[in-house]
$ cat my_file.csv   # CSV, C-alpha atoms
chain,number,residue,atom,x,y,z
A,1,MET,CA,-22.4,7.5,-0.4
A,2,ILE,CA,-18.8,7.5,0.5
A,3,THR,CA,-17.0,10.8,0.4
A,4,TYR,CA,-13.2,11.1,0.5
A,5,ILE,CA,-12.0,13.9,2.7
A,6,ILE,CA,-8.5,15.0,1.6
A,7,PHE,CA,-6.0,16.9,3.8
A,8,LYS,CA,-2.6,18.4,3.2
A,9,ASN,CA,-0.1,16.4,5.1
A,10,SER,CA,2.3,19.3,5.7
A,11,ASP,CA,-0.1,21.4,7.8
A,12,LYS,CA,-3.0,18.9,8.4
A,13,SER,CA,-5.4,21.4,6.7
A,14,PHE,CA,-8.6,20.4,5.0
A,15,TYR,CA,-8.1,20.4,1.2
A,16,LEU,CA,-11.1,18.8,-0.6
A,17,GLY,CA,-14.2,16.6,-0.2
A,18,THR,CA,-14.8,14.4,-3.3
A,19,SER,CA,-16.6,11.3,-4.4
A,20,THR,CA,-13.5,9.9,-6.2
A,21,VAL,CA,-9.8,10.0,-5.5
A,22,ASN,CA,-7.4,10.2,-8.4
A,23,SER,CA,-3.7,9.2,-8.3
A,24,ASN,CA,-2.6,12.8,-7.7
A,25,PHE,CA,-3.8,12.6,-4.1
A,26,GLU,CA,-2.3,9.1,-3.4
A,27,THR,CA,1.0,10.6,-2.4
A,28,GLU,CA,2.7,11.5,0.9
A,29,GLU,CA,1.6,15.1,0.3
A,30,PHE,CA,-2.0,14.2,1.2
A,31,VAL,CA,-3.9,12.2,3.8
A,32,ILE,CA,-7.2,10.7,2.8
A,33,ASN,CA,-10.3,9.8,4.9
A,34,GLN,CA,-13.3,7.9,3.8
A,35,SER,CA,-16.5,9.3,5.3
A,36,LEU,CA,-20.2,8.3,5.1
A,37,GLU,CA,-21.2,11.5,7.0
A,38,TYR,CA,-19.3,14.2,5.2
A,39,LYS,CA,-21.0,17.7,5.6
A,40,GLU,CA,-19.9,20.0,2.8
A,41,ASN,CA,-20.0,23.2,4.7
A,42,PHE,CA,-17.9,22.1,7.7
A,43,ASN,CA,-14.2,22.4,8.3
A,44,TYR,CA,-12.3,19.2,9.1
A,45,THR,CA,-9.0,18.2,10.6
A,46,TYR,CA,-7.6,14.7,11.0
A,47,ASN,CA,-6.3,12.5,13.8
A,48,ALA,CA,-2.8,11.5,12.6
A,49,SER,CA,-2.5,8.9,15.3
A,50,SER,CA,-5.3,6.9,13.7
A,51,ALA,CA,-3.2,6.3,10.6
A,52,ASN,CA,-0.9,3.3,10.4
A,53,GLU,CA,2.8,3.8,9.4
A,54,GLY,CA,2.9,4.7,5.7
A,55,ASP,CA,-0.9,4.6,5.5
A,56,LEU,CA,-2.6,7.4,3.5
A,57,TYR,CA,-5.9,7.2,5.5
A,58,ALA,CA,-6.7,8.8,8.8
A,59,GLU,CA,-9.7,9.6,11.0
A,60,ALA,CA,-11.5,12.9,10.1
A,61,ILE,CA,-12.7,15.1,12.9
A,62,GLU,CA,-15.6,17.4,12.1
A,63,GLY,CA,-14.9,21.0,13.0
A,64,SER,CA,-16.9,24.2,12.9
A,65,GLU,CA,-19.3,25.2,10.1
A,66,VAL,CA,-17.9,27.5,7.5
A,67,THR,CA,-19.5,29.8,5.0
A,68,ILE,CA,-19.1,28.5,1.4
A,69,ASP,CA,-18.3,31.2,-1.1
A,70,ALA,CA,-20.8,30.3,-3.9
A,71,ASP,CA,-18.8,32.1,-6.6
A,72,GLU,CA,-15.6,30.4,-5.6
A,73,ASN,CA,-17.3,27.1,-5.4
A,74,ALA,CA,-18.8,27.6,-8.9
A,75,ARG,CA,-15.5,28.7,-10.3
A,76,MET,CA,-13.7,25.6,-8.9
A,77,ASN,CA,-16.5,23.2,-10.2
A,78,ALA,CA,-16.2,24.8,-13.6
A,79,GLU,CA,-12.5,24.4,-13.6
A,80,VAL,CA,-12.8,20.7,-12.6
A,81,ALA,CA,-15.4,20.2,-15.4
A,82,ALA,CA,-13.3,22.0,-18.0
A,83,ASN,CA,-10.4,19.8,-17.3
A,84,GLN,CA,-12.2,16.4,-17.1
A,85,TYR,CA,-11.1,15.6,-20.7
A,86,LYS,CA,-7.5,15.6,-19.5
A,87,ARG,CA,-8.2,13.0,-16.9
A,88,ASP,CA,-10.3,10.9,-19.3
A,89,ARG,CA,-7.5,11.0,-21.9
A,90,LYS,CA,-4.8,10.2,-19.4
A,91,GLU,CA,-6.6,7.0,-18.5
A,92,ALA,CA,-7.5,6.0,-22.1
A,93,TYR,CA,-4.1,6.6,-23.8
A,94,PRO,CA,-2.1,3.5,-24.8
A,95,PRO,CA,0.9,2.9,-22.6
A,96,MET,CA,3.9,5.1,-23.3
A,97,GLU,CA,6.1,2.0,-23.2
A,98,ASP,CA,4.5,0.8,-26.5
A,99,TYR,CA,5.6,4.0,-28.1
A,100,LEU,CA,9.1,3.8,-26.8
A,101,ASP,CA,9.4,0.1,-27.7
A,102,ALA,CA,8.3,1.0,-31.3
A,103,ILE,CA,10.9,3.7,-31.5
A,104,VAL,CA,13.7,1.5,-30.2
A,105,LYS,CA,12.7,-1.3,-32.6
A,106,ASN,CA,12.2,1.2,-35.5
A,107,ASP,CA,8.8,-0.4,-35.9
A,108,ASN,CA,6.9,2.0,-38.1
A,109,VAL,CA,3.7,-0.1,-38.1
A,110,ALA,CA,3.6,0.0,-34.3
A,111,LEU,CA,4.4,3.8,-34.3
A,112,GLU,CA,1.5,4.4,-36.7
A,113,LYS,CA,-0.8,2.3,-34.6
A,114,TYR,CA,0.2,4.2,-31.4
A,115,LYS,CA,-0.5,7.5,-33.2
A,116,THR,CA,-3.8,6.3,-34.5
A,117,ASP,CA,-4.8,5.1,-31.0
A,118,CYS,CA,-3.9,8.4,-29.5
A,119,LEU,CA,-5.9,10.4,-32.0
A,120,ALA,CA,-8.9,8.1,-31.4
A,121,VAL,CA,-8.7,9.0,-27.7
A,122,LYS,CA,-8.5,12.7,-28.5
A,123,THR,CA,-11.6,12.3,-30.7
A,124,ARG,CA,-13.4,10.4,-27.9
A,125,TYR,CA,-12.5,13.0,-25.3
A,126,PRO,CA,-12.4,16.4,-27.2
A,127,LYS,CA,-11.0,19.5,-25.6
A,128,PRO,CA,-13.9,21.8,-24.8
A,129,GLY,CA,-14.5,25.1,-26.4

$ encode --input "my_file.csv" --output "structure tokens"
Amino acid sequence: MITYIIFKNSDKSFYLGTSTVNSNFETEEFVINQSLEYKENFNYTYNASSANEGDLYAEAIEGSEVTIDADENARMNAEVAANQYKRDRKEAYPPMEDYLDAIVKNDNVALEKYKTDCLAVKTRYPKPG
């Protein structure tokens, strides 16, 4: 399984190991590495010279083993799980352009459809708790 190892570009520090990369990390603020041999309890750095100009990907270099704080890891996993509905909604909502177009054209039918579609997304991906 491929794991994406994400680093902060500013100080080249290890940030996150994850099975998926969302668009929040596809910016100049982060550098991403694809790894088949990621070890969760090791620190990583990256070799910036292996990245092409403007490329978000670089070679990861395995560092020393670190102790994982189980409580902090559980807290972070719970936070990610609790906010999954936000990521699901963001991908499922109709394009904002449709809403703006309906406003500009004063198209009440399109506005109502947009609202209905948004409410359906909220129903499909309810806020927990």

$ atom_distance --input "my_file.csv" --atom1 "atom CA of A:Tyr38" --atom2 "atom CA of A:Tyr85"
27.2 Å

$ closest_residue --input "my_file.csv" --among "A:Tyr99, A:Lys127, A:Arg87, A:Glu72" --to "A:Lys115" --atoms "only C-alpha atoms"
A:Tyr99

$ closest_residue --input "my_file.csv" --among "A:Glu40, A:Phe30, A:Asp71, A:Leu119" --to "A:Asp11" --atoms "all atoms listed in the file"
A:Phe30

$ closest_residue --input "my_file.csv" --among "A:Gly17, A:Thr116, A:Tyr93, A:Lys12" --to "A:Gln34" --atoms "only C-alpha atoms"
A:Gly17

$ atom_distance --input "my_file.csv" --atom1 "atom CA of A:Phe7" --atom2 "atom CA of A:Met76"
17.2 Å

$ closest_residue --input "my_file.csv" --among "A:Arg124, A:Ser10, A:Asn33, A:Asp101" --to "A:Lys86" --atoms "all atoms listed in the file"
A:Arg124

$ residues_around --input "my_file.csv" --residues "A:Cys118" --least-positions-apart "3" --cutoff "9 Å" --atoms "only C-alpha atoms" --output "list of chain:residue names"
A:Arg89, A:Ala92, A:Tyr93, A:Pro94, A:Lys113, A:Tyr114, A:Lys115, A:Val121, A:Lys122, A:Thr123

$ closest_residue --input "my_file.csv" --among "A:Gln84, A:Asn106, A:Asn77, A:Ser19" --to "A:Ile6" --atoms "only C-alpha atoms"
A:Ser19
